[in-house]
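structure_26.txt follows (compact mmCIF, C-alpha atoms and all ligand atoms):
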```txt
# COMPACT_ATOMS: atom_id res chain seq x y z
CA MET A 1 -31.92 5.66 7.25
CA THR A 2 -29.45 5.54 4.36
CA GLU A 3 -30.34 9.04 3.20
CA SER A 4 -30.11 10.48 6.69
CA ILE A 5 -26.68 8.90 7.33
CA MET A 6 -25.33 10.38 4.08
CA HIS A 7 -26.91 13.71 4.86
CA THR A 8 -25.50 13.85 8.39
CA ALA A 9 -22.05 12.66 7.29
CA ASP A 10 -21.89 15.38 4.67
CA ARG A 11 -22.70 17.93 7.36
CA VAL A 12 -20.50 16.81 10.27
CA ILE A 13 -17.46 15.09 8.75
CA ALA A 14 -14.63 17.07 7.18
CA ALA A 15 -15.36 17.20 3.48
CA THR A 16 -11.99 15.77 2.41
CA TYR A 17 -13.48 12.74 0.68
CA LYS A 18 -15.75 12.47 -2.31
CA ARG A 19 -17.86 9.48 -1.35
CA PHE A 20 -19.91 7.01 -3.35
CA PRO A 21 -23.63 7.23 -2.44
CA ILE A 22 -23.90 3.98 -0.47
CA VAL A 23 -23.65 3.20 3.24
CA LEU A 24 -21.72 -0.01 3.80
CA GLN A 25 -22.74 -2.03 6.79
CA ARG A 26 -21.44 -5.58 6.66
CA GLY A 27 -18.85 -7.70 4.90
CA LYS A 28 -17.90 -11.35 4.44
CA GLY A 29 -14.94 -12.52 2.37
CA CYS A 30 -15.00 -10.55 -0.90
CA ASN A 31 -18.58 -9.34 -0.43
CA LEU A 32 -20.02 -6.22 1.14
CA TRP A 33 -23.62 -5.27 1.87
CA ASP A 34 -25.08 -1.79 2.14
CA THR A 35 -27.91 -0.53 4.34
CA GLN A 36 -30.42 -1.33 1.58
CA GLY A 37 -29.29 -4.95 1.58
CA ARG A 38 -27.57 -4.65 -1.80
CA GLN A 39 -24.54 -6.90 -2.30
CA TYR A 40 -21.23 -5.84 -3.83
CA THR A 41 -18.09 -7.69 -4.89
CA ASP A 42 -15.19 -5.77 -3.44
CA PHE A 43 -12.35 -4.98 -5.85
CA VAL A 44 -11.07 -2.19 -3.57
CA ALA A 45 -10.49 -4.10 -0.30
CA GLY A 46 -10.31 -0.84 1.64
CA ILE A 47 -7.54 0.21 -0.79
CA ALA A 48 -5.36 -2.90 -0.62
CA VAL A 49 -6.01 -3.33 3.10
CA CYS A 50 -8.36 -6.28 3.62
CA ASN A 51 -6.14 -8.81 1.83
CA LEU A 52 -7.84 -11.73 3.58
CA GLY A 53 -11.30 -10.32 2.95
CA HIS A 54 -13.87 -9.02 5.41
CA ALA A 55 -14.81 -10.61 8.72
CA HIS A 56 -12.19 -13.33 8.47
CA PRO A 57 -13.15 -15.75 11.26
CA ARG A 58 -9.60 -16.28 12.57
CA ILE A 59 -8.85 -12.55 12.63
CA ALA A 60 -12.22 -11.75 14.22
CA GLU A 61 -11.50 -14.40 16.85
CA THR A 62 -8.02 -12.96 17.52
CA ILE A 63 -9.36 -9.42 17.90
CA ALA A 64 -12.12 -10.55 20.28
CA ARG A 65 -9.77 -12.69 22.38
CA GLN A 66 -7.07 -10.00 22.57
CA ALA A 67 -9.63 -7.28 23.36
CA GLY A 68 -10.69 -9.33 26.35
CA GLU A 69 -7.11 -9.81 27.46
CA LEU A 70 -5.07 -6.64 26.84
CA VAL A 71 -5.66 -3.78 24.38
CA HIS A 72 -2.98 -1.25 25.24
CA VAL A 73 -0.22 -0.69 27.75
CA SER A 74 2.51 1.61 26.33
CA ASN A 75 5.82 0.85 24.74
CA LEU A 76 7.41 1.31 28.16
CA TYR A 77 6.67 -2.41 28.60
CA TYR A 78 7.24 -5.57 26.60
CA THR A 79 4.22 -7.35 25.16
CA ILE A 80 3.91 -10.76 23.53
CA PRO A 81 1.99 -9.97 20.30
CA GLN A 82 4.27 -7.05 19.32
CA THR A 83 7.36 -9.17 19.90
CA GLU A 84 5.99 -12.17 18.00
CA LEU A 85 4.92 -10.01 15.06
CA ALA A 86 8.33 -8.33 14.78
CA ARG A 87 9.99 -11.73 14.97
CA LEU A 88 7.81 -13.22 12.22
CA LEU A 89 8.27 -10.15 9.99
CA THR A 90 12.05 -10.10 10.35
CA GLU A 91 12.24 -13.87 9.80
CA ASN A 92 10.52 -13.34 6.47
CA CYS A 93 12.50 -10.44 5.01
CA PHE A 94 15.90 -8.72 4.90
CA ALA A 95 15.24 -6.57 7.96
CA ASP A 96 16.49 -7.10 11.50
CA ARG A 97 14.39 -4.59 13.40
CA VAL A 98 10.90 -3.09 13.25
CA PHE A 99 9.49 0.21 14.49
CA PHE A 100 5.69 0.20 14.82
CA GLY A 101 3.41 3.15 14.12
CA ASN A 102 -0.25 3.46 13.19
CA SER A 103 -0.37 4.28 9.49
CA GLY A 104 1.52 4.33 6.25
CA ALA A 105 2.41 7.99 6.61
CA GLU A 106 3.84 7.32 10.06
CA ALA A 107 5.89 4.41 8.75
CA ASN A 108 7.34 6.68 6.07
CA GLU A 109 7.93 9.47 8.59
CA ALA A 110 9.95 7.00 10.63
CA ALA A 111 11.92 5.96 7.53
CA ILE A 112 12.70 9.57 6.62
CA LYS A 113 13.79 10.37 10.19
CA LEU A 114 15.92 7.23 10.39
CA ALA A 115 17.68 7.95 7.07
CA ARG A 116 18.59 11.47 8.17
CA LYS A 117 19.69 10.35 11.64
CA TYR A 118 21.78 7.54 10.15
CA ALA A 119 23.68 10.03 7.96
CA LYS A 120 24.32 12.27 10.99
CA ASP A 121 25.53 9.28 13.00
CA GLN A 122 27.92 8.43 10.15
CA GLY A 123 29.44 11.87 10.56
CA GLN A 124 27.77 13.26 7.43
CA PRO A 125 25.36 15.96 8.64
CA GLU A 126 25.26 17.53 5.16
CA ARG A 127 23.54 14.41 3.83
CA PHE A 128 19.88 15.16 4.44
CA GLY A 129 18.46 15.08 0.91
CA ILE A 130 15.92 12.46 -0.07
CA VAL A 131 15.41 11.77 -3.75
CA CYS A 132 11.85 10.69 -4.55
CA MET A 133 9.90 9.85 -7.68
CA GLU A 134 7.45 11.86 -9.72
CA LYS A 135 3.90 10.45 -9.36
CA SER A 136 4.87 8.83 -6.07
CA PHE A 137 2.61 8.66 -3.06
CA HIS A 138 3.95 8.40 0.48
CA GLY A 139 1.24 9.92 2.66
CA ARG A 140 -0.41 13.15 3.80
CA THR A 141 1.62 14.31 6.80
CA MET A 142 3.97 17.24 6.18
CA ALA A 143 7.10 15.11 5.67
CA THR A 144 5.36 12.47 3.58
CA LEU A 145 3.57 14.95 1.37
CA SER A 146 6.93 16.66 0.92
CA ALA A 147 8.11 13.27 -0.42
CA THR A 148 5.06 12.83 -2.64
CA GLY A 149 5.62 13.71 -6.29
CA GLN A 150 2.12 14.91 -7.10
CA ASP A 151 1.30 18.63 -7.18
CA LYS A 152 -2.37 18.06 -6.40
CA ILE A 153 -1.39 16.56 -3.01
CA ARG A 154 1.13 19.28 -2.10
CA LYS A 155 -0.99 22.17 -3.31
CA GLY A 156 -1.99 24.64 -0.60
CA PHE A 157 0.41 23.34 2.05
CA SER A 158 3.61 25.18 1.22
CA PRO A 159 6.25 25.58 2.41
CA VAL A 160 6.89 21.87 2.28
CA LEU A 161 9.90 20.38 4.06
CA GLU A 162 13.37 21.08 2.79
CA GLY A 163 15.52 18.45 1.13
CA PHE A 164 13.15 16.50 -1.12
CA SER A 165 13.74 16.29 -4.85
CA PHE A 166 12.02 14.39 -7.63
CA VAL A 167 12.98 12.44 -10.73
CA PRO A 168 10.85 10.44 -13.17
CA PHE A 169 10.26 6.81 -12.15
CA ASN A 170 12.10 4.26 -14.33
CA ASP A 171 14.72 6.84 -15.41
CA ILE A 172 18.04 5.72 -13.95
CA GLU A 173 20.00 8.53 -15.64
CA ALA A 174 17.83 11.18 -14.02
CA LEU A 175 18.30 9.47 -10.68
CA ALA A 176 22.07 9.28 -11.17
CA ALA A 177 22.09 13.03 -11.81
CA ALA A 178 20.03 13.75 -8.69
CA VAL A 179 21.79 11.59 -6.09
CA ASP A 180 24.86 13.40 -4.73
CA ASP A 181 26.91 13.95 -1.55
CA HIS A 182 23.91 15.60 0.06
CA THR A 183 21.62 12.61 -0.48
CA CYS A 184 20.91 10.37 2.49
CA ALA A 185 18.31 8.20 0.77
CA VAL A 186 16.33 7.32 -2.32
CA LEU A 187 12.69 6.66 -1.49
CA LEU A 188 10.41 4.82 -3.91
CA GLU A 189 7.54 2.39 -4.30
CA PRO A 190 8.50 -0.84 -6.10
CA ILE A 191 5.26 -0.46 -8.07
CA GLN A 192 3.69 2.99 -7.98
CA GLY A 193 0.15 2.62 -6.66
CA GLU A 194 -1.69 5.93 -6.38
CA GLY A 195 0.40 7.25 -9.29
CA GLY A 196 -1.45 4.91 -11.68
CA ILE A 197 -0.12 1.35 -11.10
CA HIS A 198 3.30 1.76 -12.70
CA PRO A 199 5.63 -1.25 -12.37
CA PRO A 200 9.41 -0.86 -12.61
CA GLU A 201 11.11 -1.63 -15.88
CA LEU A 202 13.31 -4.70 -16.04
CA GLY A 203 16.51 -4.08 -14.10
CA TYR A 204 15.53 -0.63 -12.84
CA LEU A 205 15.37 -1.45 -9.13
CA THR A 206 18.71 -3.28 -9.32
CA GLN A 207 20.22 -0.18 -10.91
CA VAL A 208 18.73 1.96 -8.13
CA ARG A 209 20.29 -0.37 -5.55
CA GLU A 210 23.71 -0.18 -7.25
CA LEU A 211 23.52 3.59 -7.54
CA CYS A 212 22.63 3.94 -3.85
CA ASP A 213 25.59 1.73 -2.92
CA ARG A 214 28.01 3.70 -5.10
CA ARG A 215 26.90 7.08 -3.76
CA GLY A 216 26.48 6.08 -0.12
CA ALA A 217 22.72 6.63 0.00
CA LEU A 218 20.16 4.34 1.64
CA MET A 219 17.45 2.68 -0.44
CA ILE A 220 14.01 2.98 1.11
CA LEU A 221 11.18 0.94 -0.40
CA ASP A 222 7.62 1.98 0.37
CA GLU A 223 5.78 -1.37 0.27
CA ILE A 224 2.71 -0.01 2.00
CA GLN A 225 0.47 -0.86 -0.96
CA THR A 226 2.54 -3.61 -2.59
CA GLY A 227 3.45 -5.61 0.51
CA MET A 228 1.70 -8.45 2.35
CA GLY A 229 1.23 -10.72 -0.65
CA ARG A 230 -0.55 -8.20 -2.86
CA THR A 231 1.68 -8.79 -5.89
CA GLY A 232 2.10 -12.56 -5.50
CA LYS A 233 5.16 -12.36 -3.24
CA LEU A 234 5.12 -11.39 0.43
CA PHE A 235 6.96 -8.19 -0.59
CA ALA A 236 7.05 -6.87 -4.15
CA HIS A 237 10.82 -6.33 -4.12
CA GLU A 238 11.24 -10.12 -4.06
CA HIS A 239 10.14 -10.16 -7.73
CA TYR A 240 13.01 -7.88 -8.66
CA ASP A 241 15.83 -9.45 -6.71
CA VAL A 242 16.71 -6.33 -4.73
CA VAL A 243 17.12 -5.78 -1.02
CA PRO A 244 16.49 -2.30 0.41
CA ASP A 245 17.99 -0.88 3.60
CA ILE A 246 14.61 0.26 4.90
CA MET A 247 11.08 -0.87 4.02
CA THR A 248 7.75 0.53 5.11
CA LEU A 249 4.51 -1.40 5.56
CA ALA A 250 0.97 -0.51 6.61
CA LYS A 251 -2.33 -1.08 4.75
CA ALA A 252 -2.79 -4.88 4.75
CA LEU A 253 -0.46 -5.63 7.64
CA ALA A 254 -3.30 -6.11 10.15
CA ASN A 255 -6.02 -6.76 7.51
CA GLY A 256 -7.92 -3.60 8.48
CA LEU A 257 -6.76 -2.53 11.92
CA PRO A 258 -4.58 0.60 11.85
CA ILE A 259 -0.88 -0.22 11.83
CA GLY A 260 2.32 0.98 10.21
CA ALA A 261 5.77 -0.55 10.35
CA MET A 262 9.24 0.63 9.40
CA LEU A 263 11.73 -2.18 8.98
CA ALA A 264 15.49 -1.78 8.69
CA THR A 265 18.75 -3.68 8.72
CA GLU A 266 20.63 -3.87 12.00
CA LYS A 267 23.29 -1.47 10.75
CA VAL A 268 20.80 1.26 9.86
CA ALA A 269 18.44 0.57 12.76
CA GLN A 270 21.32 1.31 15.17
CA SER A 271 20.49 4.99 14.63
CA PHE A 272 17.10 4.53 16.26
CA GLY A 273 18.35 4.23 19.82
CA VAL A 274 16.51 4.99 23.06
CA GLY A 275 14.50 8.20 22.73
CA ALA A 276 15.11 8.71 19.00
CA HIS A 277 11.49 8.08 18.02
CA ALA A 278 8.24 7.00 19.65
CA SER A 279 4.52 6.42 19.24
CA THR A 280 1.88 6.04 21.95
CA PHE A 281 -0.27 3.58 20.06
CA GLY A 282 2.43 2.07 17.85
CA GLY A 283 2.26 -1.72 18.00
CA THR A 284 -0.45 -2.15 20.64
CA PRO A 285 -1.21 -5.74 21.65
CA LEU A 286 -4.64 -5.57 19.96
CA VAL A 287 -3.39 -4.47 16.57
CA THR A 288 -0.22 -6.57 16.53
CA ALA A 289 -2.17 -9.69 17.57
CA ALA A 290 -4.44 -9.16 14.54
CA ALA A 291 -1.41 -8.59 12.31
CA LEU A 292 0.30 -11.70 13.65
CA THR A 293 -2.75 -13.80 12.77
CA ALA A 294 -3.05 -12.14 9.34
CA LEU A 295 0.62 -12.74 8.54
CA THR A 296 0.43 -16.33 9.79
CA ILE A 297 -2.55 -17.01 7.50
CA LEU A 298 -0.75 -15.38 4.54
CA LEU A 299 2.30 -17.57 5.10
CA GLU A 300 0.55 -20.83 5.94
CA ASP A 301 -2.53 -20.96 3.74
CA LYS A 302 -0.86 -20.49 0.35
CA VAL A 303 -2.73 -17.17 -0.05
CA ILE A 304 0.26 -15.45 -1.63
CA GLU A 305 0.91 -18.07 -4.33
CA ARG A 306 -2.78 -18.05 -5.06
CA ALA A 307 -2.76 -14.24 -5.40
CA GLY A 308 0.00 -14.57 -7.99
CA GLU A 309 -1.99 -17.13 -10.00
CA THR A 310 -5.34 -15.34 -9.72
CA GLY A 311 -3.61 -12.07 -10.58
CA ALA A 312 -2.10 -13.55 -13.75
CA TYR A 313 -5.54 -14.88 -14.73
CA PHE A 314 -7.15 -11.49 -14.04
CA LYS A 315 -4.48 -9.57 -15.97
CA ASP A 316 -4.84 -11.93 -18.92
CA ALA A 317 -8.62 -11.41 -18.92
CA LEU A 318 -8.15 -7.62 -18.84
CA SER A 319 -5.62 -7.84 -21.69
CA LYS A 320 -8.16 -9.80 -23.77
CA LEU A 321 -10.74 -7.13 -22.99
CA LYS A 322 -8.27 -4.54 -24.26
CA LEU A 323 -8.22 -6.28 -27.66
CA ARG A 324 -11.99 -5.79 -27.93
CA HIS A 325 -12.26 -2.22 -26.61
CA ARG A 326 -10.15 0.54 -28.11
CA CYS A 327 -10.90 2.84 -25.18
CA ILE A 328 -8.56 0.68 -23.06
CA LEU A 329 -5.09 2.17 -23.46
CA ASP A 330 -3.12 -0.07 -21.14
CA VAL A 331 -3.29 -2.90 -18.63
CA ARG A 332 -0.54 -2.84 -15.99
CA GLY A 333 0.48 -4.32 -12.68
CA GLN A 334 1.53 -7.45 -10.89
CA GLY A 335 -0.41 -10.03 -8.92
CA LEU A 336 -3.64 -8.55 -7.60
CA LEU A 337 -2.55 -4.94 -7.96
CA LEU A 338 -3.74 -4.17 -11.47
CA GLY A 339 -4.51 -1.01 -13.38
CA MET A 340 -6.54 -0.50 -16.55
CA GLN A 341 -6.01 2.88 -18.15
CA LEU A 342 -8.79 4.35 -20.30
CA ASP A 343 -8.65 7.08 -22.91
CA ALA A 344 -11.12 9.19 -20.88
CA PRO A 345 -12.10 9.87 -17.24
CA ALA A 346 -13.23 6.68 -15.51
CA ASP A 347 -15.79 8.14 -13.02
CA ASP A 348 -18.78 7.31 -15.17
CA LEU A 349 -17.77 3.70 -15.62
CA ILE A 350 -17.04 3.35 -11.90
CA GLY A 351 -20.53 4.66 -11.07
CA LYS A 352 -22.09 2.12 -13.44
CA LEU A 353 -20.00 -0.70 -11.96
CA LEU A 354 -21.26 0.28 -8.51
CA GLU A 355 -24.87 0.09 -9.74
CA ARG A 356 -24.12 -3.40 -11.05
CA GLY A 357 -22.65 -4.48 -7.70
CA PHE A 358 -18.91 -4.07 -8.21
CA LEU A 359 -16.74 -1.81 -6.06
CA VAL A 360 -13.79 -0.52 -8.06
CA ASN A 361 -11.90 2.72 -7.59
CA CYS A 362 -9.83 4.85 -9.84
CA VAL A 363 -6.40 6.46 -9.67
CA GLN A 364 -5.21 9.49 -11.63
CA GLY A 365 -8.72 9.99 -13.04
CA ASP A 366 -8.46 7.57 -15.94
CA THR A 367 -7.08 4.34 -14.48
CA LEU A 368 -9.22 1.69 -12.81
CA ARG A 369 -7.35 0.08 -9.94
CA PHE A 370 -8.19 -3.51 -9.10
CA ALA A 371 -6.99 -4.54 -5.64
CA PRO A 372 -9.48 -7.17 -4.42
CA PRO A 373 -8.94 -9.36 -1.37
CA LEU A 374 -6.30 -11.96 -2.27
CA ILE A 375 -8.92 -14.67 -1.77
CA ILE A 376 -10.98 -13.47 -4.75
CA GLU A 377 -12.34 -16.33 -6.90
CA LYS A 378 -12.02 -16.66 -10.66
CA ASN A 379 -15.82 -16.67 -11.07
CA GLU A 380 -15.98 -13.28 -9.30
CA ILE A 381 -13.34 -11.95 -11.69
CA ASN A 382 -15.24 -13.43 -14.66
CA ALA A 383 -18.41 -11.64 -13.54
CA LEU A 384 -16.57 -8.30 -13.40
CA ILE A 385 -14.98 -8.88 -16.82
CA ARG A 386 -18.41 -9.68 -18.35
CA CYS A 387 -19.81 -6.50 -16.83
CA LEU A 388 -16.89 -4.39 -18.12
CA ASP A 389 -17.33 -5.96 -21.55
CA GLU A 390 -20.97 -4.83 -21.59
CA LEU A 391 -20.32 -1.36 -20.22
CA LEU A 392 -17.26 -0.34 -22.26
CA PRO A 393 -17.83 1.19 -25.67
C1 LIG Q 401 -1.65 4.39 1.31
C2 LIG Q 401 -0.21 4.65 1.10
C3 LIG Q 401 0.52 5.47 1.99
C4 LIG Q 401 -0.11 6.22 3.12
O1 LIG Q 401 -0.69 5.38 4.07
P1 LIG Q 401 -1.69 6.01 5.16
O2 LIG Q 401 -1.98 4.84 6.07
O3 LIG Q 401 -2.89 6.51 4.44
O4 LIG Q 401 -0.96 7.09 5.86
C5 LIG Q 401 1.87 5.62 1.75
N1 LIG Q 401 2.48 5.01 0.73
C6 LIG Q 401 1.81 4.22 -0.14
C7 LIG Q 401 2.54 3.58 -1.27
C8 LIG Q 401 0.45 4.03 0.00
O5 LIG Q 401 -0.22 3.29 -0.88
```
Write out the structure in this file as structure tokens.
Amino acid sequence: MTESIMHTADRVIAATYKRFPIVLQRGKGCNLWDTQGRQYTDFVAGIAVCNLGHAHPRIAETIARQAGELVHVSNLYYTIPQTELARLLTENCFADRVFFGNSGAEANEAAIKLARKYAKDQGQPERFGIVCMEKSFHGRTMATLSATGQDKIRKGFSPVLEGFSFVPFNDIEALAAAVDDHTCAVLLEPIQGEGGIHPPELGYLTQVRELCDRRGALMILDEIQTGMGRTGKLFAHEHYDVVPDIMTLAKALANGLPIGAMLATEKVAQSFGVGAHASTFGGTPLVTAAALTALTILLEDKVIERAGETGAYFKDALSKLKLRHRCILDVRGQGLLLGMQLDAPADDLIGKLLERGFLVNCVQGDTLRFAPPLIIEKNEINALIRCLDELLP
């Protein structure tokens, strides 16, 4: 069965993914099982998506109940779960309004459109430039890949959209030189995820905020990977004492159901009036009900504080490992978004970890990314560390 599924998938599904040779069938908490009955501890969490783990009983119950009540109607009508979710989100961050889409890329598309429209509405049509970061990742649609500072992602799709420029992350001087009268926004991740888990240097995000204010540009934070408790705060920017004008969310927002959200202050959100933007599926009752339950659990069950503590423990353990293995060049990250950079490609190690029952993935070829469910236990981390200690030269 397993072989035939892999064989068929490789024949009938677009070959855009290089897949690991297992067929996953079932999950519970931080564990997954494949079709052969083998168990894995999940340090990927669907790429920072399943923050509350797999098959969470309260989320499963919400999905089942909502599926039996109302799945979809259209944004031509009000619904309760969408309204409640937007209310809970805005009560817990700087933003006043939310636009719902279905993915991270769509959330960023909405942010890019809103920033340009806002400049036009301010009587500054020449302000359409968006300054982005090298090594950033914002998605795979045409606008979001145009905002992504990685050649390998843009390659083959030219011409990309006009108006996007790039500066190195953590270089405020380069940013100051790039932001001008044609800039409507600076777009960045508070901690770069796909780019290799790069946190901001002390004071950098505050300097970005001040620069945006001085030059009349909006600050857009892509918290798609860092949001929803991943770093030990509900949103990563809370660590750095900055408030953006626009923030995008997706990944963990509904713990696995597809959702994207673009949040903005009232002043900026004014530019998204009737007809300015839309999405058929954006914010359906089914998905927003799941997100509402997920967010409620995050806020009520001390999951976020726990993620901060477990993350610090995990990072410390990785740093100790670094002292024993010279092939580890760096350990980076915040909360349960951690990266361990090696002096060589990490594929081999990741394959061996899989054989030993640990799902880990890698970014930029040489950096292991650890993004387990936020409910991961210390003993599960200890088991991974012991395994890494054995496998690393
Ligand atoms: C995953 C990710 C995206 C894209 O999200 P999709 O749902 O795959 O479109 C955008 N930005 C960041 C920071 C991400 O991690």
Tell me, counting only C-alpha atoms and all ligand atoms, for each residue of chain A within 9 Å of ligand LIG 401 (chain Q), which pair of atoms is nearest and how far apart they are in Å to one decimal, in rows ordered by chain and increasing number, as a tab-separated table.
```
residue	atom	partner	partner_atom	distance
A:Ile47	CA	Q:LIG401	C1	7.5
A:Ala48	CA	Q:LIG401	O5	8.1
A:Asn102	CA	Q:LIG401	O2	7.5
A:Ser103	CA	Q:LIG401	O2	3.8
A:Gly104	CA	Q:LIG401	O1	3.3
A:Ala105	CA	Q:LIG401	O4	3.6
A:Glu106	CA	Q:LIG401	O4	6.4
A:Ala107	CA	Q:LIG401	O4	7.9
A:Asn108	CA	Q:LIG401	C5	7.1
A:Ser136	CA	Q:LIG401	C7	7.5
A:Phe137	CA	Q:LIG401	N1	5.3
A:His138	CA	Q:LIG401	C5	3.7
A:Gly139	CA	Q:LIG401	C4	4.0
A:Arg140	CA	Q:LIG401	O4	6.4
A:Thr141	CA	Q:LIG401	O4	7.7
A:Thr144	CA	Q:LIG401	C5	7.9
A:Thr148	CA	Q:LIG401	N1	8.9
A:Leu188	CA	Q:LIG401	C7	8.4
A:Glu189	CA	Q:LIG401	C7	6.0
A:Pro190	CA	Q:LIG401	C7	8.9
A:Ile191	CA	Q:LIG401	C7	8.4
A:Gln192	CA	Q:LIG401	C7	6.8
A:Gly193	CA	Q:LIG401	O5	5.8
A:Glu194	CA	Q:LIG401	O5	6.3
A:Asp222	CA	Q:LIG401	C7	5.6
A:Glu223	CA	Q:LIG401	C7	6.1
A:Ile224	CA	Q:LIG401	C6	4.8
A:Gln225	CA	Q:LIG401	O5	4.2
A:Thr226	CA	Q:LIG401	C7	7.3
A:Thr248	CA	Q:LIG401	N1	8.2
A:Leu249	CA	Q:LIG401	N1	8.3
A:Ala250	CA	Q:LIG401	O2	6.1
A:Lys251	CA	Q:LIG401	O2	6.1
A:Pro258	CA	Q:LIG401	O2	7.6
A:Ile259	CA	Q:LIG401	O2	7.7
A:Gly260	CA	Q:LIG401	O2	7.1
```
Write to file, as a short mmCIF file (atom, residue, chain, number, x, y, z; two decimals), in the frame of the given file, the residues of the selection just made, with C-alpha atoms.
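File produced: out-v4.cif:
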```cif
data_model
loop_
_atom_site.label_atom_id
_atom_site.label_comp_id
_atom_site.auth_asym_id
_atom_site.auth_seq_id
_atom_site.Cartn_x
_atom_site.Cartn_y
_atom_site.Cartn_z
CA ILE A 47 -7.54 0.21 -0.79
CA ALA A 48 -5.36 -2.90 -0.62
CA ASN A 102 -0.25 3.46 13.19
CA SER A 103 -0.37 4.28 9.49
CA GLY A 104 1.52 4.33 6.25
CA ALA A 105 2.41 7.99 6.61
CA GLU A 106 3.84 7.32 10.06
CA ALA A 107 5.89 4.41 8.75
CA ASN A 108 7.34 6.68 6.07
CA SER A 136 4.87 8.83 -6.07
CA PHE A 137 2.61 8.66 -3.06
CA HIS A 138 3.95 8.40 0.48
CA GLY A 139 1.24 9.92 2.66
CA ARG A 140 -0.41 13.15 3.80
CA THR A 141 1.62 14.31 6.80
CA THR A 144 5.36 12.47 3.58
CA THR A 148 5.06 12.83 -2.64
CA LEU A 188 10.41 4.82 -3.91
CA GLU A 189 7.54 2.39 -4.30
CA PRO A 190 8.50 -0.84 -6.10
CA ILE A 191 5.26 -0.46 -8.07
CA GLN A 192 3.69 2.99 -7.98
CA GLY A 193 0.15 2.62 -6.66
CA GLU A 194 -1.69 5.93 -6.38
CA ASP A 222 7.62 1.98 0.37
CA GLU A 223 5.78 -1.37 0.27
CA ILE A 224 2.71 -0.01 2.00
CA GLN A 225 0.47 -0.86 -0.96
CA THR A 226 2.54 -3.61 -2.59
CA THR A 248 7.75 0.53 5.11
CA LEU A 249 4.51 -1.40 5.56
CA ALA A 250 0.97 -0.51 6.61
CA LYS A 251 -2.33 -1.08 4.75
CA PRO A 258 -4.58 0.60 11.85
CA ILE A 259 -0.88 -0.22 11.83
CA GLY A 260 2.32 0.98 10.21
#
```
Item to check | One-decimal distance in Å that lies between CA of Val167 in chain A and CA of Lys152 in chain A | outcome: 16.9 Å
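Of the residues under consideration (A:Asp213, A:Met6, A:Glu84, A:Ser146), A:Met6 shows the shortest atom-to-atom contact distance to Lys18 in chain A when counting all atoms listed in the file.
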Next on the checklist: Just want the 8 Å neighbourhood of Val363 in chain A, counted on all atoms listed in the file, with same-chain residues fewer than 6 positions away dropped. Output as a PyMOL selection string.
Outcome noted: chain A and resi 194-196+369
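When only C-alpha atoms are used to measure the gap to Gln207 in chain A, the shortest distance among A:Glu238, A:Asp181, A:Glu91, A:Asp171 belongs to A:Asp171.
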Next on the checklist: Residues within 12 Å of (22.6, 2.7, -9.8), file coordinates, counting all atoms listed in the file: what are they? Give the list as a list in words.
Outcome noted: Asn170, Asp171, Ile172, Glu173, Ala174, Leu175, Ala176, Ala177, Ala178, Val179, Val186, Gly203, Tyr204, Leu205, Thr206, Gln207, Val208, Arg209, Glu210, Leu211, Cys212, Asp213, Arg214, Arg215, Gly216, Ala217, Leu218, Met219 and Val242 of chain A
Using only C-alpha atoms, please write the residues we just selected to a file, as a PDB file, in the frame of the given file.
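Everything below was put into out36.pdb:
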```
ATOM      1  CA  ASN A 170      12.100   4.260 -14.330  1.00  0.00           C
ATOM      2  CA  ASP A 171      14.720   6.840 -15.410  1.00  0.00           C
ATOM      3  CA  ILE A 172      18.040   5.720 -13.950  1.00  0.00           C
ATOM      4  CA  GLU A 173      20.000   8.530 -15.640  1.00  0.00           C
ATOM      5  CA  ALA A 174      17.830  11.180 -14.020  1.00  0.00           C
ATOM      6  CA  LEU A 175      18.300   9.470 -10.680  1.00  0.00           C
ATOM      7  CA  ALA A 176      22.070   9.280 -11.170  1.00  0.00           C
ATOM      8  CA  ALA A 177      22.090  13.030 -11.810  1.00  0.00           C
ATOM      9  CA  ALA A 178      20.030  13.750  -8.690  1.00  0.00           C
ATOM     10  CA  VAL A 179      21.790  11.590  -6.090  1.00  0.00           C
ATOM     11  CA  VAL A 186      16.330   7.320  -2.320  1.00  0.00           C
ATOM     12  CA  GLY A 203      16.510  -4.080 -14.100  1.00  0.00           C
ATOM     13  CA  TYR A 204      15.530  -0.630 -12.840  1.00  0.00           C
ATOM     14  CA  LEU A 205      15.370  -1.450  -9.130  1.00  0.00           C
ATOM     15  CA  THR A 206      18.710  -3.280  -9.320  1.00  0.00           C
ATOM     16  CA  GLN A 207      20.220  -0.180 -10.910  1.00  0.00           C
ATOM     17  CA  VAL A 208      18.730   1.960  -8.130  1.00  0.00           C
ATOM     18  CA  ARG A 209      20.290  -0.370  -5.550  1.00  0.00           C
ATOM     19  CA  GLU A 210      23.710  -0.180  -7.250  1.00  0.00           C
ATOM     20  CA  LEU A 211      23.520   3.590  -7.540  1.00  0.00           C
ATOM     21  CA  CYS A 212      22.630   3.940  -3.850  1.00  0.00           C
ATOM     22  CA  ASP A 213      25.590   1.730  -2.920  1.00  0.00           C
ATOM     23  CA  ARG A 214      28.010   3.700  -5.100  1.00  0.00           C
ATOM     24  CA  ARG A 215      26.900   7.080  -3.760  1.00  0.00           C
ATOM     25  CA  GLY A 216      26.480   6.080  -0.120  1.00  0.00           C
ATOM     26  CA  ALA A 217      22.720   6.630   0.000  1.00  0.00           C
ATOM     27  CA  LEU A 218      20.160   4.340   1.640  1.00  0.00           C
ATOM     28  CA  MET A 219      17.450   2.680  -0.440  1.00  0.00           C
ATOM     29  CA  VAL A 242      16.710  -6.330  -4.730  1.00  0.00           C
TER      30      VAL A 242
END
```
